[in-house]
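Shown below: entry30.cif, with mmCIF, C-alpha atoms.
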data_protein
#
loop_
_atom_site.label_atom_id
_atom_site.label_comp_id
_atom_site.auth_asym_id
_atom_site.auth_seq_id
_atom_site.Cartn_x
_atom_site.Cartn_y
_atom_site.Cartn_z
CA MET T 281 -20.34 -56.47 3.18
CA ALA T 282 -18.80 -59.07 0.90
CA SER T 283 -17.23 -61.87 2.92
CA VAL T 284 -13.60 -61.69 4.05
CA GLU T 285 -13.56 -65.47 4.54
CA THR T 286 -12.25 -67.92 1.99
CA SER T 287 -14.45 -70.77 0.73
CA SER T 288 -14.30 -73.64 -1.72
CA SER T 289 -15.45 -71.31 -4.50
CA ARG T 290 -13.34 -68.34 -3.32
CA PRO T 291 -10.15 -70.03 -2.10
CA TYR T 292 -7.73 -67.08 -1.83
CA HIS T 293 -7.59 -64.26 0.68
CA ILE T 294 -5.39 -62.29 -1.74
CA ILE T 295 -4.62 -62.48 -5.45
CA ILE T 296 -1.82 -60.23 -6.68
CA PHE T 297 -2.76 -59.15 -10.20
CA GLY T 298 0.25 -57.98 -12.19
CA GLY T 299 2.69 -59.86 -9.98
CA SER T 300 5.33 -59.97 -12.71
CA GLY T 301 5.46 -56.18 -13.12
CA PHE T 302 8.29 -54.12 -11.69
CA THR T 303 6.34 -53.09 -8.59
CA GLY T 304 4.25 -56.27 -8.51
CA GLN T 305 7.30 -58.44 -7.87
CA TYR T 306 8.01 -56.51 -4.67
CA VAL T 307 4.38 -56.88 -3.60
CA VAL T 308 4.75 -60.66 -4.09
CA GLU T 309 7.75 -60.66 -1.75
CA GLU T 310 5.91 -58.58 0.84
CA VAL T 311 2.88 -60.86 0.85
CA ALA T 312 5.23 -63.83 1.28
CA ARG T 313 6.76 -62.16 4.35
CA THR T 314 3.39 -61.59 6.02
CA VAL T 315 1.51 -64.89 5.58
CA SER T 316 1.40 -65.39 9.37
CA GLU T 317 -0.57 -62.12 9.72
CA GLY T 318 -3.60 -63.39 7.84
CA PRO T 319 -6.85 -64.42 9.54
CA SER T 320 -6.15 -67.06 12.22
CA GLY T 321 -2.46 -66.85 11.37
CA THR T 322 -2.72 -68.05 7.79
CA LEU T 323 -2.96 -66.37 4.40
CA ARG T 324 -4.07 -68.15 1.26
CA TRP T 325 -2.81 -66.32 -1.79
CA ALA T 326 -2.04 -66.57 -5.48
CA VAL T 327 -0.44 -64.52 -8.23
CA ALA T 328 -2.09 -63.58 -11.52
CA GLY T 329 -1.14 -62.05 -14.85
CA ARG T 330 -0.85 -62.63 -18.58
CA SER T 331 2.28 -64.77 -18.58
CA LYS T 332 2.55 -67.93 -16.51
CA ALA T 333 6.26 -68.14 -17.32
CA LYS T 334 6.98 -64.63 -16.01
CA LEU T 335 5.00 -65.30 -12.84
CA GLU T 336 6.91 -68.55 -12.29
CA LYS T 337 10.14 -66.57 -12.62
CA VAL T 338 8.97 -64.01 -10.03
CA LEU T 339 8.07 -66.77 -7.58
CA GLU T 340 11.43 -68.46 -8.19
CA GLN T 341 13.25 -65.17 -7.50
CA ALA T 342 11.19 -64.52 -4.37
CA ALA T 343 11.87 -68.05 -3.12
CA GLY T 344 15.60 -67.41 -3.44
CA ALA T 345 15.56 -63.89 -2.02
CA LEU T 346 13.52 -64.86 1.04
CA SER T 347 14.88 -68.42 1.48
CA LYS T 348 11.32 -69.73 1.18
CA PRO T 349 11.36 -72.65 -1.28
CA GLU T 350 7.62 -73.15 -0.73
CA LEU T 351 6.97 -70.03 -2.82
CA ARG T 352 7.69 -72.05 -5.93
CA THR T 353 4.36 -73.82 -5.37
CA VAL T 354 2.19 -70.70 -4.96
CA ASP T 355 -0.80 -70.96 -7.30
CA ILE T 356 -0.71 -69.04 -10.59
CA ILE T 357 -3.80 -67.71 -12.38
CA VAL T 358 -3.54 -66.62 -16.00
CA SER T 359 -5.63 -63.48 -16.47
CA ASP T 360 -5.46 -60.62 -18.95
CA VAL T 361 -6.83 -57.14 -18.32
CA LYS T 362 -8.02 -57.08 -21.94
CA GLU T 363 -10.07 -60.27 -21.51
CA PRO T 364 -13.13 -59.62 -19.29
CA ASP T 365 -13.96 -63.31 -18.86
CA SER T 366 -10.49 -64.06 -17.48
CA LEU T 367 -10.75 -61.07 -15.11
CA ALA T 368 -14.14 -62.28 -13.86
CA ALA T 369 -12.78 -65.78 -13.30
CA MET T 370 -9.88 -64.36 -11.28
CA CYS T 371 -12.04 -62.05 -9.16
CA LYS T 372 -14.47 -64.85 -8.28
CA GLN T 373 -11.59 -66.68 -6.60
CA ALA T 374 -10.33 -63.77 -4.45
CA VAL T 375 -11.47 -62.07 -1.28
CA ILE T 376 -9.15 -59.17 -2.20
CA VAL T 377 -7.44 -58.35 -5.49
CA LEU T 378 -4.23 -56.32 -5.22
CA ASN T 379 -4.11 -54.57 -8.57
CA CYS T 380 -0.54 -53.74 -9.61
CA VAL T 381 -1.26 -53.28 -13.34
CA GLY T 382 -0.71 -49.73 -14.57
CA PRO T 383 -0.94 -47.15 -15.95
CA TYR T 384 -4.33 -47.25 -14.28
CA ARG T 385 -5.79 -44.76 -16.74
CA PHE T 386 -5.71 -47.55 -19.33
CA TYR T 387 -5.89 -50.75 -17.29
CA GLY T 388 -7.47 -49.90 -13.96
CA GLU T 389 -11.18 -49.67 -14.70
CA PRO T 390 -11.67 -53.21 -16.10
CA VAL T 391 -10.24 -54.60 -12.86
CA VAL T 392 -12.47 -52.43 -10.66
CA LYS T 393 -15.51 -53.37 -12.75
CA ALA T 394 -14.73 -57.09 -12.52
CA CYS T 395 -14.15 -56.90 -8.77
CA VAL T 396 -17.43 -55.08 -8.11
CA GLU T 397 -19.44 -57.42 -10.34
CA ASN T 398 -17.88 -60.55 -8.83
CA GLY T 399 -17.75 -59.63 -5.16
CA ALA T 400 -14.02 -59.10 -4.62
CA HIS T 401 -12.57 -56.18 -2.68
CA CYS T 402 -9.86 -54.31 -4.60
CA LEU T 403 -6.82 -52.24 -3.64
CA ASP T 404 -4.53 -50.38 -6.03
CA ILE T 405 -1.43 -48.20 -5.84
CA SER T 406 -2.52 -45.60 -8.36
CA GLY T 407 -1.15 -42.08 -8.30
CA GLU T 408 -3.57 -40.85 -10.98
CA PRO T 409 -6.32 -38.56 -9.59
CA GLN T 410 -8.49 -38.82 -12.70
CA PHE T 411 -8.63 -42.61 -12.44
CA LEU T 412 -9.21 -42.58 -8.68
CA GLU T 413 -11.99 -40.02 -8.75
CA GLY T 414 -13.51 -41.53 -11.88
CA MET T 415 -13.83 -44.88 -10.11
CA GLN T 416 -15.58 -43.16 -7.21
CA LEU T 417 -18.02 -41.45 -9.57
CA ASN T 418 -18.78 -44.56 -11.62
CA TYR T 419 -18.66 -47.43 -9.13
CA HIS T 420 -19.31 -46.17 -5.59
CA SER T 421 -23.04 -46.86 -5.61
CA GLU T 422 -22.74 -50.33 -7.12
CA ALA T 423 -19.88 -51.26 -4.79
CA ALA T 424 -21.96 -50.12 -1.83
CA LYS T 425 -24.84 -52.36 -2.90
CA LYS T 426 -22.50 -55.34 -3.26
CA GLY T 427 -20.66 -54.66 0.01
CA VAL T 428 -17.38 -54.42 -1.88
CA TYR T 429 -14.57 -52.10 -0.76
CA ILE T 430 -12.55 -50.44 -3.54
CA VAL T 431 -9.66 -48.51 -1.99
CA GLY T 432 -7.32 -46.61 -4.28
CA SER T 433 -3.87 -45.05 -3.75
CA CYS T 434 -2.80 -47.66 -1.16
CA GLY T 435 0.93 -47.16 -1.72
CA PHE T 436 3.34 -44.30 -1.08
CA ASP T 437 0.62 -42.43 -2.95
CA SER T 438 -1.13 -41.77 -0.61
CA ILE T 439 -1.18 -43.74 2.64
CA PRO T 440 1.64 -41.83 4.41
CA ALA T 441 0.03 -38.45 3.65
CA ASP T 442 -3.61 -39.43 4.21
CA MET T 443 -3.04 -41.45 7.36
CA GLY T 444 -0.43 -38.91 8.50
CA VAL T 445 -3.02 -36.13 8.55
CA LEU T 446 -5.40 -38.35 10.54
CA TYR T 447 -2.60 -39.27 12.95
CA THR T 448 -1.77 -35.60 13.45
CA ARG T 449 -5.44 -34.83 14.11
CA ASP T 450 -5.72 -37.65 16.64
CA GLN T 451 -2.57 -36.56 18.50
CA PHE T 452 -3.65 -32.92 18.73
CA ARG T 453 -5.46 -32.02 21.95
CA GLY T 454 -8.29 -29.95 20.62
CA THR T 455 -9.64 -29.16 17.15
CA LEU T 456 -7.01 -29.42 14.41
CA THR T 457 -7.86 -27.04 11.57
CA ALA T 458 -4.91 -27.05 9.14
CA VAL T 459 -1.88 -29.18 8.25
CA GLU T 460 1.07 -28.63 5.96
CA SER T 461 3.27 -31.58 5.00
CA PHE T 462 6.86 -31.45 3.79
CA LEU T 463 8.32 -34.49 2.05
CA THR T 464 12.05 -35.11 1.91
CA ALA T 465 13.82 -38.14 0.48
CA SER T 466 17.31 -39.50 1.03
CA ALA T 467 19.43 -41.60 -1.30
CA GLY T 468 22.69 -43.49 -0.95
CA PRO T 469 25.96 -43.02 -2.86
CA GLU T 470 24.47 -44.47 -6.06
CA GLY T 471 21.70 -41.88 -6.09
CA ALA T 472 18.00 -42.46 -6.71
CA SER T 473 16.13 -44.12 -9.56
CA VAL T 474 12.49 -44.96 -10.29
CA HIS T 475 11.09 -47.32 -12.93
CA ASP T 476 9.53 -45.51 -15.88
CA GLY T 477 6.08 -47.00 -15.20
CA THR T 478 5.68 -44.32 -12.52
CA TRP T 479 6.88 -41.71 -15.03
CA GLN T 480 4.18 -42.79 -17.49
CA SER T 481 1.48 -42.43 -14.84
CA ALA T 482 2.68 -38.89 -14.14
CA ILE T 483 2.60 -38.06 -17.87
CA TYR T 484 -1.01 -39.17 -18.25
CA ALA T 485 -2.05 -37.43 -15.03
CA ALA T 486 -0.55 -34.13 -16.21
CA ALA T 487 -2.11 -34.49 -19.66
CA ASN T 488 -5.59 -34.85 -18.23
CA GLY T 489 -5.84 -31.79 -16.02
CA ALA T 490 -8.77 -30.30 -17.95
CA SER T 491 -10.76 -33.53 -18.01
CA LEU T 492 -10.14 -33.94 -14.26
CA ARG T 493 -11.74 -30.56 -13.61
CA SER T 494 -14.70 -31.59 -15.78
CA LEU T 495 -14.97 -34.88 -13.89
CA ARG T 496 -15.01 -33.11 -10.52
CA ARG T 497 -17.90 -30.90 -11.57
CA LYS T 498 -20.04 -34.02 -12.00
CA PHE T 499 -19.91 -34.68 -8.25
CA LYS T 500 -21.71 -31.34 -7.65
CA TYR T 501 -19.87 -30.91 -4.37
CA GLN T 502 -20.53 -28.01 -2.06
CA PRO T 503 -17.37 -26.30 -0.75
CA LEU T 504 -16.07 -27.79 2.47
CA PRO T 505 -16.46 -25.48 5.47
CA VAL T 506 -13.29 -23.71 6.57
CA VAL T 507 -12.78 -24.11 10.30
CA GLY T 508 -10.50 -21.56 11.91
CA ALA T 509 -8.00 -19.47 9.95
CA LYS T 510 -7.83 -20.24 6.25
CA ILE T 511 -4.57 -21.94 5.31
CA LYS T 512 -2.14 -19.72 3.40
CA ARG T 513 -0.85 -21.20 0.17
CA ARG T 514 2.91 -20.95 -0.35
CA SER T 515 4.58 -19.67 -3.49
CA ALA T 516 5.69 -21.90 -6.37
CA LEU T 517 9.26 -21.94 -5.01
CA PHE T 518 10.35 -20.93 -1.51
CA TYR T 519 12.96 -21.65 1.12
CA SER T 520 11.41 -23.81 3.81
CA ASN T 521 12.60 -23.32 7.35
CA GLU T 522 10.73 -26.51 8.20
CA VAL T 523 13.06 -28.73 6.13
CA GLN T 524 15.98 -26.31 5.73
CA GLN T 525 15.96 -26.39 1.93
CA TYR T 526 14.05 -25.05 -1.03
CA ALA T 527 10.60 -26.51 -1.53
CA VAL T 528 7.77 -26.52 -4.07
CA PRO T 529 4.11 -27.56 -3.96
CA PHE T 530 3.81 -31.35 -4.13
CA MET T 531 1.82 -31.72 -7.35
CA VAL T 532 0.85 -35.36 -7.01
CA THR T 533 -2.09 -37.38 -5.74
CA ASP T 534 -1.79 -36.62 -2.03
CA PRO T 535 -3.71 -33.30 -1.91
CA SER T 536 -6.71 -34.70 -3.79
CA VAL T 537 -6.78 -37.89 -1.72
CA VAL T 538 -6.53 -36.03 1.59
CA LYS T 539 -9.28 -33.62 0.55
CA ARG T 540 -11.56 -36.52 -0.43
CA THR T 541 -10.95 -38.11 2.98
CA GLN T 542 -11.74 -34.86 4.77
CA ARG T 543 -14.95 -34.52 2.76
CA PHE T 544 -15.97 -38.05 3.73
CA LEU T 545 -15.30 -37.33 7.41
CA ALA T 546 -17.23 -34.06 7.29
CA GLU T 547 -20.24 -35.35 5.34
CA GLU T 548 -20.52 -38.94 6.59
CA GLN T 549 -19.23 -38.67 10.16
CA GLN T 550 -19.87 -34.98 10.90
CA GLU T 551 -16.24 -34.38 11.84
CA SER T 552 -14.44 -31.06 11.49
CA PRO T 553 -12.51 -31.04 8.18
CA VAL T 554 -8.79 -30.27 8.16
CA GLN T 555 -7.30 -27.99 5.50
CA TYR T 556 -4.19 -29.39 3.83
CA GLY T 557 -1.18 -28.13 1.90
CA ALA T 558 1.52 -30.45 0.52
CA TYR T 559 5.11 -29.53 -0.31
CA VAL T 560 8.31 -31.36 -1.22
CA GLY T 561 11.89 -30.38 -0.52
CA VAL T 562 14.03 -30.07 -3.65
CA GLY T 563 17.43 -29.28 -2.13
CA GLY T 564 19.77 -26.53 -3.25
CA VAL T 565 20.23 -24.27 -6.27
CA GLY T 566 21.61 -27.01 -8.56
CA ASN T 567 18.56 -29.16 -8.04
CA ILE T 568 16.29 -26.16 -8.58
CA ILE T 569 17.82 -25.50 -12.02
CA LYS T 570 17.35 -29.15 -13.02
CA MET T 571 13.79 -29.14 -11.71
CA LEU T 572 12.87 -25.95 -13.57
CA VAL T 573 14.29 -27.20 -16.87
CA ALA T 574 12.75 -30.66 -16.52
CA GLY T 575 9.46 -29.22 -15.28
CA MET T 576 9.08 -26.79 -18.18
CA MET T 577 9.84 -29.49 -20.74
CA PHE T 578 7.48 -31.90 -19.01
CA MET T 579 4.54 -29.50 -18.83
CA LEU T 580 5.03 -28.39 -22.44
CA LEU T 581 5.39 -31.88 -23.91
CA THR T 582 2.47 -33.42 -22.01
CA LYS T 583 0.12 -31.10 -23.92
CA PHE T 584 0.73 -32.92 -27.22
CA ASN T 585 0.58 -36.56 -28.25
CA PHE T 586 3.96 -36.27 -30.00
CA GLY T 587 5.47 -34.76 -26.85
CA ARG T 588 4.02 -37.45 -24.60
CA ASN T 589 5.51 -40.11 -26.84
CA LEU T 590 8.91 -38.43 -26.57
CA LEU T 591 8.67 -38.35 -22.77
CA ILE T 592 7.70 -42.03 -22.68
CA LYS T 593 10.48 -43.06 -25.09
CA TYR T 594 13.29 -41.14 -23.35
CA PRO T 595 12.52 -40.98 -19.62
CA GLU T 596 16.15 -40.77 -18.51
CA PHE T 597 16.89 -37.75 -20.71
CA PHE T 598 13.84 -35.74 -19.73
CA SER T 599 14.08 -36.54 -16.00
CA PHE T 600 17.85 -36.06 -15.68
CA GLY T 601 18.27 -39.76 -14.94
CA LEU T 602 15.69 -40.09 -12.17
CA PHE T 603 13.27 -42.27 -14.16
CA THR T 604 14.73 -45.20 -16.10
CA LYS T 605 13.46 -48.20 -18.03
CA ALA T 606 15.69 -50.46 -15.93
CA GLY T 607 14.49 -49.11 -12.58
CA PRO T 608 16.59 -48.87 -9.41
CA THR T 609 19.28 -51.32 -8.36
CA LYS T 610 18.97 -53.35 -5.17
CA SER T 611 21.55 -51.14 -3.46
CA GLN T 612 19.72 -47.95 -4.49
CA ILE T 613 16.54 -49.34 -2.94
CA LYS T 614 18.36 -50.44 0.22
CA ASP T 615 19.97 -47.03 0.79
CA ALA T 616 16.88 -44.86 0.18
CA SER T 617 14.37 -43.50 2.69
CA PHE T 618 11.66 -40.85 3.03
CA GLN T 619 10.26 -38.52 5.66
CA PHE T 620 7.00 -36.60 5.83
CA ALA T 621 6.96 -33.77 8.39
CA PHE T 622 3.46 -32.56 9.27
CA TYR T 623 2.96 -29.12 10.81
CA GLY T 624 -0.52 -28.65 12.20
CA GLU T 625 -2.36 -25.86 13.94
CA GLY T 626 -5.70 -25.61 15.65
CA TYR T 627 -7.63 -24.69 18.76
CA THR T 628 -6.72 -26.33 22.04
CA GLU T 629 -9.26 -28.08 24.23
CA GLY T 630 -11.97 -25.74 25.48
CA LYS T 631 -11.34 -23.09 22.81
CA ASP T 632 -14.07 -22.15 20.32
CA PRO T 633 -12.79 -22.59 16.71
CA SER T 634 -15.16 -19.84 15.57
CA GLN T 635 -13.48 -17.29 17.81
CA GLY T 636 -10.03 -15.82 17.32
CA LYS T 637 -6.89 -17.33 15.87
CA PRO T 638 -5.61 -20.89 16.38
CA ASP T 639 -3.66 -21.16 19.62
CA GLY T 640 -2.10 -24.62 19.32
CA LYS T 641 0.55 -26.25 17.12
CA ILE T 642 1.79 -29.79 16.58
CA ARG T 643 4.54 -31.47 14.56
CA THR T 644 4.43 -35.13 13.59
CA LEU T 645 6.59 -37.34 11.38
CA VAL T 646 6.00 -40.29 9.10
CA GLN T 647 9.30 -41.95 8.23
CA GLY T 648 10.04 -45.04 6.24
CA PRO T 649 12.28 -46.96 3.85
CA GLU T 650 12.54 -46.45 0.09
CA ALA T 651 9.18 -45.09 -1.04
CA VAL T 652 8.20 -46.83 -4.27
CA TYR T 653 9.42 -50.43 -3.99
CA VAL T 654 9.62 -50.97 -0.21
CA ALA T 655 7.13 -48.64 1.48
CA THR T 656 4.50 -49.05 -1.25
CA PRO T 657 4.31 -52.87 -0.98
CA ILE T 658 4.28 -52.63 2.83
CA ALA T 659 1.42 -50.12 2.75
CA MET T 660 -0.59 -52.07 0.17
CA VAL T 661 -0.24 -55.42 1.91
CA GLN T 662 -0.98 -54.04 5.37
CA ALA T 663 -4.09 -52.32 4.00
CA ALA T 664 -5.26 -55.69 2.64
CA LEU T 665 -4.54 -57.42 5.94
CA THR T 666 -6.52 -54.71 7.72
CA ILE T 667 -9.60 -55.51 5.62
CA LEU T 668 -9.17 -59.23 6.32
CA ASN T 669 -8.63 -58.85 10.07
CA GLU T 670 -10.76 -55.81 10.95
CA PRO T 671 -13.89 -55.85 8.76
CA ASN T 672 -16.11 -54.60 11.58
CA VAL T 673 -14.42 -51.18 11.78
CA LEU T 674 -14.47 -50.39 8.07
CA PRO T 675 -17.13 -47.96 6.77
CA ARG T 676 -20.58 -49.44 7.35
CA THR T 677 -21.17 -50.03 3.63
CA GLY T 678 -18.94 -50.94 0.74
CA GLY T 679 -17.96 -48.32 -1.81
CA VAL T 680 -15.01 -46.56 -3.43
CA TYR T 681 -12.93 -45.00 -0.68
CA THR T 682 -9.66 -43.26 0.06
CA PRO T 683 -7.29 -44.93 2.54
CA GLY T 684 -8.20 -42.46 5.28
CA ALA T 685 -11.92 -42.98 4.77
CA ALA T 686 -11.57 -46.77 4.71
CA PHE T 687 -9.00 -47.25 7.47
CA GLY T 688 -9.39 -44.24 9.73
CA LYS T 689 -10.86 -46.29 12.59
CA THR T 690 -8.63 -49.36 12.15
CA THR T 691 -5.18 -50.24 13.47
CA LEU T 692 -3.51 -49.68 10.08
CA ILE T 693 -1.11 -47.09 11.53
CA ASP T 694 0.02 -49.56 14.19
CA ARG T 695 0.46 -52.25 11.53
CA LEU T 696 2.57 -49.92 9.38
CA HIS T 697 4.64 -48.91 12.39
CA LYS T 698 5.54 -52.55 13.06
CA HIS T 699 6.73 -52.91 9.48
CA GLY T 700 9.02 -49.90 9.36
CA ILE T 701 6.73 -47.01 8.38
CA GLN T 702 6.83 -45.09 11.62
CA PHE T 703 4.45 -42.42 12.92
CA SER T 704 5.62 -40.16 15.76
CA VAL T 705 5.00 -36.82 17.49
CA LYS T 706 7.91 -34.40 17.72
#
If you convert what's in this file into structure tokens, what do you get?
Amino acid sequence: MASVETSSSRPYHIIIFGGSGFTGQYVVEEVARTVSEGPSGTLRWAVAGRSKAKLEKVLEQAAGALSKPELRTVDIIVSDVKEPDSLAAMCKQAVIVLNCVGPYRFYGEPVVKACVENGAHCLDISGEPQFLEGMQLNYHSEAAKKGVYIVGSCGFDSIPADMGVLYTRDQFRGTLTAVESFLTASAGPEGASVHDGTWQSAIYAAANGASLRSLRRKFKYQPLPVVGAKIKRRSALFYSNEVQQYAVPFMVTDPSVVKRTQRFLAEEQQESPVQYGAYVGVGGVGNIIKMLVAGMMFMLLTKFNFGRNLLIKYPEFFSFGLFTKAGPTKSQIKDASFQFAFYGEGYTEGKDPSQGKPDGKIRTLVQGPEAVYVATPIAMVQAALTILNEPNVLPRTGGVYTPGAAFGKTTLIDRLHKHGIQFSVK
């Protein structure tokens, strides 16, 4: 694999690309908090992006917020995603690039390409299945040859879900065959808000459903074997006894990421695949009405270029105030939290999964702070530190991987637990 050691020609363990973006600034702060967790207790890092002035401002703000005046002297690399030479120069200096520049549909591939060609591992926080699976199709073989690890969706999309399923499997005494997850989120008195960059990623993901299906056919996958009873899909809207509120299918990245992980485990490690269904709690009747109205407008408008432009221009109107160009306030972030509840079933030890119905159940939880600007930086940075500190338990070759495929045999869950993203059996 590509080295995880720094050198005179590759001086940085981590370069944060897009450190002046809305999410990137929180990743900068998280890296600054964890410098003692790098190899041998040190972490050499830099920030990169188009504007040196904006990056200097981010470092100044982080220095004040964390009472770390030394952050003002962190190295800055000027690099533009539209300038391949500048990307190559950046990647040659990094062991790992943390790519925070989105939407990834437009800006993700040049970074992956530069990392693979120049021997840098790369993590992103994309929630766009077409980008993630396209990178696997186009770059897995070359990354494997170079010993480079490209790991997508290393934020709230989709480390809690992907690692949560693996945690549930490992805690179950027997053969786990199916898991359903239920996401609920809590907000403080000021409510919840998300920066519109996430909204834009969702728009492009919804607009590319047909091309995603076409992309998947190129893999020529065989269906995964179904072990035990086939999981029953829930209706489009139902009352969930599990979370005591109405719920809907969670139409984001998690299901595709978890399925890709399960395929890797089945095909590369001959493990029994786990079926997965993802749902999200939406609250009471008032929230359902808002969701139905917003959902219908969203699905209709994403079909047309004019409609997509409207959604991008007026995120607050079309999302009933959830997505804003200003993003959340500090107090909104401080007061928010999330919980994934995983309900699994399977066959207990000594039982044959090919005979009869599952006879065992398990419930696990993954709980954490605000999802997008606290949990996501924690997950991304801990994933990077796992590569730096545990290279010998990563997959035997480089490639384009999901979090579960890359980190399934590492201590990532323990690392997350220490930083406030907690995994438990209930």
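Nearest to T:Arg385 of all the residues T:Ser300, T:Ser481, T:Gln550, T:Asp365 is T:Ser481, counting only C-alpha atoms.
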For the file shown, report as a ChimeraX atom specification the outcome of the PyMOL selection byres ((chain T and resi 437) around 8) at residue level. /T:405-407,433-436,438-441,533-534,656
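Distance annotation: of T:Lys332, T:His293, T:Lys570, T:Arg324, the residue with the minimal separation from T:Ala374 is T:His293; atom set is all atoms listed in the file.
Here the PyMOL selection byres ((chain T and resi 404) around 10) matches the residues Phe297, Val377, Leu378, Asn379, Cys380, Val381, Gly382, Tyr384, Gly388, Val391, Val392, Cys402, Leu403, Ile405, Ser406, Gly407, Leu412, Ile430, Val431, Gly432, Ser433, Cys434, Gly435, Asp437 and Met660 of chain T.
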Tell me which residues the PyMOL selection byres ((chain T and resi 633) around 9) grabs here, as a ChimeraX atom specification. /T:455,457,507-509,626-628,631-632,634-638
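Using all atoms listed in the file for every distance, the candidate list T:Val673, T:Gln502, T:Leu446, T:Pro657 yields T:Pro657 as the residue closest to T:Ile701.
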Hey, what's within 7 Å of T:Ala616 if we count only C-alpha atoms and toss same-chain stuff fewer than 4 positions away? As a list in words, please? Ser466, Ala467, Gly468, Gln612, Pro649 and Glu650 of chain T
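Distances from T:Ile667, T:Leu696, T:Val396, T:Leu580 to T:Ile483 were compared using all atoms listed in the file, and the smallest one belongs to T:Leu580.
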Contacts of stretch 281-287 of chain T at 10 Å (all atoms listed in the file; same-chain gap of 6+ positions) as JSON, numbers by chain: {"T": [293, 294, 319, 323, 324, 373, 374, 375, 376, 396, 398, 399, 400, 401, 423, 424, 425, 426, 427, 428, 429, 667, 668, 669, 670, 671, 672, 674, 675, 676, 677, 678, 679]}
